[in-house]
Each structure stands twice: as C-alpha cells, then as structure tokens.
Amino acid sequence: MANLEIFKIARQLGANRMGTTLTAALIAGEQLFLAHIGDSRAYLLRNGNLTCLTNDHTLVGDLVRSRVIPPEAVRTHDKRSILTRSVGLELFVNPDITSHKLSAGDRLILCSDGLWAAVEDAEIARLAENVKAPEMLGAALIQSALENQSDDNCSVVVADILAFLPLAVPAQPARRKWFGLFESR
C-alpha cells in the first residue's frame, strides 16, 4: 500500500526516481523476521560478533556482490546512494524477506545508510559491545555518525533480546470472518 502511494505521488510530481528504504523487524518467539528493501541495514550482535543481516539494494551493493569492487569501497563510492530497489521506485516492490533464530543476549540494530556509511562496522560492534543501555547505544551511534560528518539522515533502533516468552497457543481455533460470514473450525 505504501509503495503504491509513494509511486503515485512521484508520478504526480513528475519525479522519475522517488523512493524510500524500509527495514522492518518482527520478533515472534525466538524468530526474527525481516522485511528489507533499499540501503538501510539490520545488524545482529551476538557474542561480540557483528553480522549484517541485509543486502544493500544499490548500484554499489550489486558491484560488491559481483566482486567488481571490494566491500570496503561501499562507504566511500561516489554512487553509494543510487538505489536499485526501494519503496515507491517501481509500481511493484519485491522486498527481501528473511528469518533468523535469535538467542538471549543478542542485540539487534536497525539503521539508515546515513549511520552505517559514516560508522565502520568495527566501530558499530565496539560501541554495541561497550554501551549497555539500548537508548544510550542509539545516541552513541548517532553521535559517532555526526562526528564522522555523515552526509545523510541518521536513524537507528536498538533492541536487546533479554529472554523469550512462550508463544500463546489458543485453547480453541480462532473464528475467522470471510466477507461478512463467520467460519469456525
């Protein structure tokens, strides 16, 4: 729905390449589900190791995956921000949908390209390991990006995985509504 609205507004404004990125997370039990399109990122810190869980949908990201340029060139390449997939760029959007098993003690970091392009992964990992409170980590990451003179917007969400609650299983199947009719199982 959002994709179509952005696409329509871009056409009304005469903009050929208007879009935005999306990295959304849903945690259900011990499972992390990600929907991702664009060049924002999701990182997972586990036992001191930082892993990027998303692929950049950019011209430069494609060059890295094709091994034309090395991964360390992503942050400084002059075409870093040219999106190949985004919300609103095309009439239909095809986000990456992935799932990952979580463990207690994991730390999830979602951030915009204005943050990760200005702060190296090693620095993100160091801060994520040393700054204990999620809100303080978010502030430290933004501060680091600003000190490194980020040339784009900086946003970040930090979630600490402390423990897992058992998923509730309904005693009886839920009733579903279909076109005004109720179906029960």
# chains A, B, ... in the order shown; residues from 1 in each chain; ligands from 1
>>> residues_around(residues="range 68-78 of chain A", least_positions_apart="3", cutoff="9 Å", atoms="only C-alpha atoms", output="VMD selection string")
chain A and resid 60 to 65 81 116 to 120
>>> residues_around(residues="His36 in chain A", least_positions_apart="2", cutoff="12 Å", atoms="only C-alpha atoms", output="MDAnalysis selection string")
chainID A and resid 20:26 33:34 38:42 53:57 85:87 93:99 110:112
>>> residues_around(residues="Ala145 in chain A", least_positions_apart="2", cutoff="8 Å", atoms="only C-alpha atoms", output="ChimeraX atom specification")
/A:114-116,118-119,141-143,147-150,154
>>> write_last_selection(atoms="C-alpha atoms", output="PDB file, in the first residue's frame")
ATOM      1  CA  GLY A 114      23.473   7.849   6.933  1.00  0.00           C
ATOM      2  CA  LEU A 115      24.653   5.973  10.002  1.00  0.00           C
ATOM      3  CA  TRP A 116      26.379   2.863   8.604  1.00  0.00           C
ATOM      4  CA  ALA A 118      29.734   7.088   8.374  1.00  0.00           C
ATOM      5  CA  VAL A 119      30.479   4.497  11.073  1.00  0.00           C
ATOM      6  CA  LEU A 141      25.921   5.637  17.223  1.00  0.00           C
ATOM      7  CA  ILE A 142      24.222   8.843  16.034  1.00  0.00           C
ATOM      8  CA  GLN A 143      26.926  10.930  17.729  1.00  0.00           C
ATOM      9  CA  GLU A 147      31.336  13.330  14.306  1.00  0.00           C
ATOM     10  CA  ASN A 148      32.330  11.463  11.131  1.00  0.00           C
ATOM     11  CA  GLN A 149      30.347  14.066   9.149  1.00  0.00           C
ATOM     12  CA  SER A 150      27.600  11.827   7.800  1.00  0.00           C
ATOM     13  CA  CYS A 154      20.932   9.138  10.632  1.00  0.00           C
TER      14      CYS A 154
END
>>> select_by_dssp(residues="range 69-159 of chain A", states="strand (DSSP E or B)", output="PyMOL selection string")
chain A and resi 83+87+96-101+107-111+156-159
>>> write_last_selection(atoms="C-alpha atoms", output="PDB file, in the first residue's frame")
ATOM      1  CA  LEU A  83      19.093   2.633  -5.126  1.00  0.00           C
ATOM      2  CA  VAL A  87       9.655   1.544  -1.745  1.00  0.00           C
ATOM      3  CA  ASP A  96      13.816  -9.378   0.813  1.00  0.00           C
ATOM      4  CA  ILE A  97      12.039 -11.432   3.487  1.00  0.00           C
ATOM      5  CA  THR A  98      14.352 -13.369   5.788  1.00  0.00           C
ATOM      6  CA  SER A  99      14.154 -15.128   9.122  1.00  0.00           C
ATOM      7  CA  HIS A 100      16.838 -15.652  11.735  1.00  0.00           C
ATOM      8  CA  LYS A 101      16.895 -17.579  15.005  1.00  0.00           C
ATOM      9  CA  ARG A 107      21.375  -7.192  20.197  1.00  0.00           C
ATOM     10  CA  LEU A 108      19.529  -6.070  17.065  1.00  0.00           C
ATOM     11  CA  ILE A 109      20.452  -2.765  15.393  1.00  0.00           C
ATOM     12  CA  LEU A 110      18.396  -1.287  12.545  1.00  0.00           C
ATOM     13  CA  CYS A 111      19.919   1.821  10.970  1.00  0.00           C
ATOM     14  CA  VAL A 156      18.789   3.874  14.493  1.00  0.00           C
ATOM     15  CA  VAL A 157      16.686   1.435  16.516  1.00  0.00           C
ATOM     16  CA  VAL A 158      18.332  -0.860  19.064  1.00  0.00           C
ATOM     17  CA  ALA A 159      16.608  -3.887  20.585  1.00  0.00           C
TER      18      ALA A 159
END
>>> residues_around(residues="Glu30 in chain A", least_positions_apart="6", cutoff="9 Å", atoms="only C-alpha atoms", output="PyMOL selection string")
chain A and resi 100-104+163-165
>>> write_last_selection(atoms="C-alpha atoms", output="PDB file, in the first residue's frame")
ATOM      1  CA  HIS A 100      16.838 -15.652  11.735  1.00  0.00           C
ATOM      2  CA  LYS A 101      16.895 -17.579  15.005  1.00  0.00           C
ATOM      3  CA  LEU A 102      17.582 -15.342  17.989  1.00  0.00           C
ATOM      4  CA  SER A 103      19.319 -16.124  21.254  1.00  0.00           C
ATOM      5  CA  ALA A 104      19.020 -14.472  24.637  1.00  0.00           C
ATOM      6  CA  ALA A 163      14.614 -13.634  27.192  1.00  0.00           C
ATOM      7  CA  PHE A 164      11.801 -15.345  25.367  1.00  0.00           C
ATOM      8  CA  LEU A 165       8.225 -15.712  26.476  1.00  0.00           C
TER       9      LEU A 165
END
>>> select_by_dssp(residues="range 30-98 of chain A", states="helix (DSSP H, G or I)", output="list in words")
Leu59, Val60, Gly61, Asp62, Leu63, Val64, Arg65, Pro71, Glu72 and Ala73 of chain A
>>> atom_distance(atom1="CA of Thr58 in chain A", atom2="CA of Leu32 in chain A")
23.9 Å
>>> atom_distance(atom1="CA of Ile27 in chain A", atom2="CA of Pro134 in chain A")
16.7 Å
>>> residues_around(residues="Glu90 in chain A", least_positions_apart="2", cutoff="10 Å", atoms="only C-alpha atoms", output="PyMOL selection string")
chain A and resi 3-4+6-8+16-19+84-88+92-94
>>> write_last_selection(atoms="C-alpha atoms", output="PDB file, in the first residue's frame")
ATOM      1  CA  ASN A   3       4.687   1.539  -2.196  1.00  0.00           C
ATOM      2  CA  LEU A   4       1.745   2.354  -4.435  1.00  0.00           C
ATOM      3  CA  ILE A   6       4.710   6.813  -2.999  1.00  0.00           C
ATOM      4  CA  PHE A   7       4.789   5.647  -6.636  1.00  0.00           C
ATOM      5  CA  LYS A   8       1.609   7.632  -7.446  1.00  0.00           C
ATOM      6  CA  ASN A  16      11.275   9.687 -12.008  1.00  0.00           C
ATOM      7  CA  ARG A  17      13.210   8.221  -9.083  1.00  0.00           C
ATOM      8  CA  MET A  18      11.410   8.951  -5.819  1.00  0.00           C
ATOM      9  CA  GLY A  19      11.533   6.264  -3.174  1.00  0.00           C
ATOM     10  CA  THR A  84      18.237  -0.298  -7.379  1.00  0.00           C
ATOM     11  CA  ARG A  85      15.224  -1.267  -5.257  1.00  0.00           C
ATOM     12  CA  SER A  86      13.181   0.893  -2.922  1.00  0.00           C
ATOM     13  CA  VAL A  87       9.655   1.544  -1.745  1.00  0.00           C
ATOM     14  CA  GLY A  88       7.979   3.703  -4.411  1.00  0.00           C
ATOM     15  CA  PHE A  92       5.508  -3.283  -7.689  1.00  0.00           C
ATOM     16  CA  VAL A  93       8.090  -3.829  -4.974  1.00  0.00           C
ATOM     17  CA  ASN A  94       9.847  -7.058  -4.050  1.00  0.00           C
TER      18      ASN A  94
END
>>> closest_residue(among="A:Ile37, A:Leu89, A:Asp113, A:Glu123", to="Asn49 in chain A", atoms="only C-alpha atoms")
A:Glu123
>>> residues_around(residues="Leu127 in chain A", least_positions_apart="3", cutoff="8 Å", atoms="only C-alpha atoms", output="PyMOL selection string")
chain A and resi 123-124+130-131+137+140-141
>>> write_last_selection(atoms="C-alpha atoms", output="compact mmCIF listing (two decimals), in the first residue's frame")
# COMPACT_ATOMS: atom_id res chain seq x y z
CA GLU A 123 33.09 0.79 15.44
CA ILE A 124 29.41 -0.21 15.47
CA ASN A 130 30.51 -1.47 25.37
CA VAL A 131 27.38 0.69 25.67
CA LEU A 137 23.81 2.96 22.25
CA ALA A 140 26.33 6.98 20.77
CA LEU A 141 25.92 5.64 17.22
>>> atom_distance(atom1="CA of Ala122 in chain A", atom2="CA of Leu44 in chain A")
12.8 Å
>>> residues_around(residues="Asn47 in chain A", least_positions_apart="4", cutoff="9 Å", atoms="only C-alpha atoms", output="ChimeraX atom specification")
/A:105-106,129
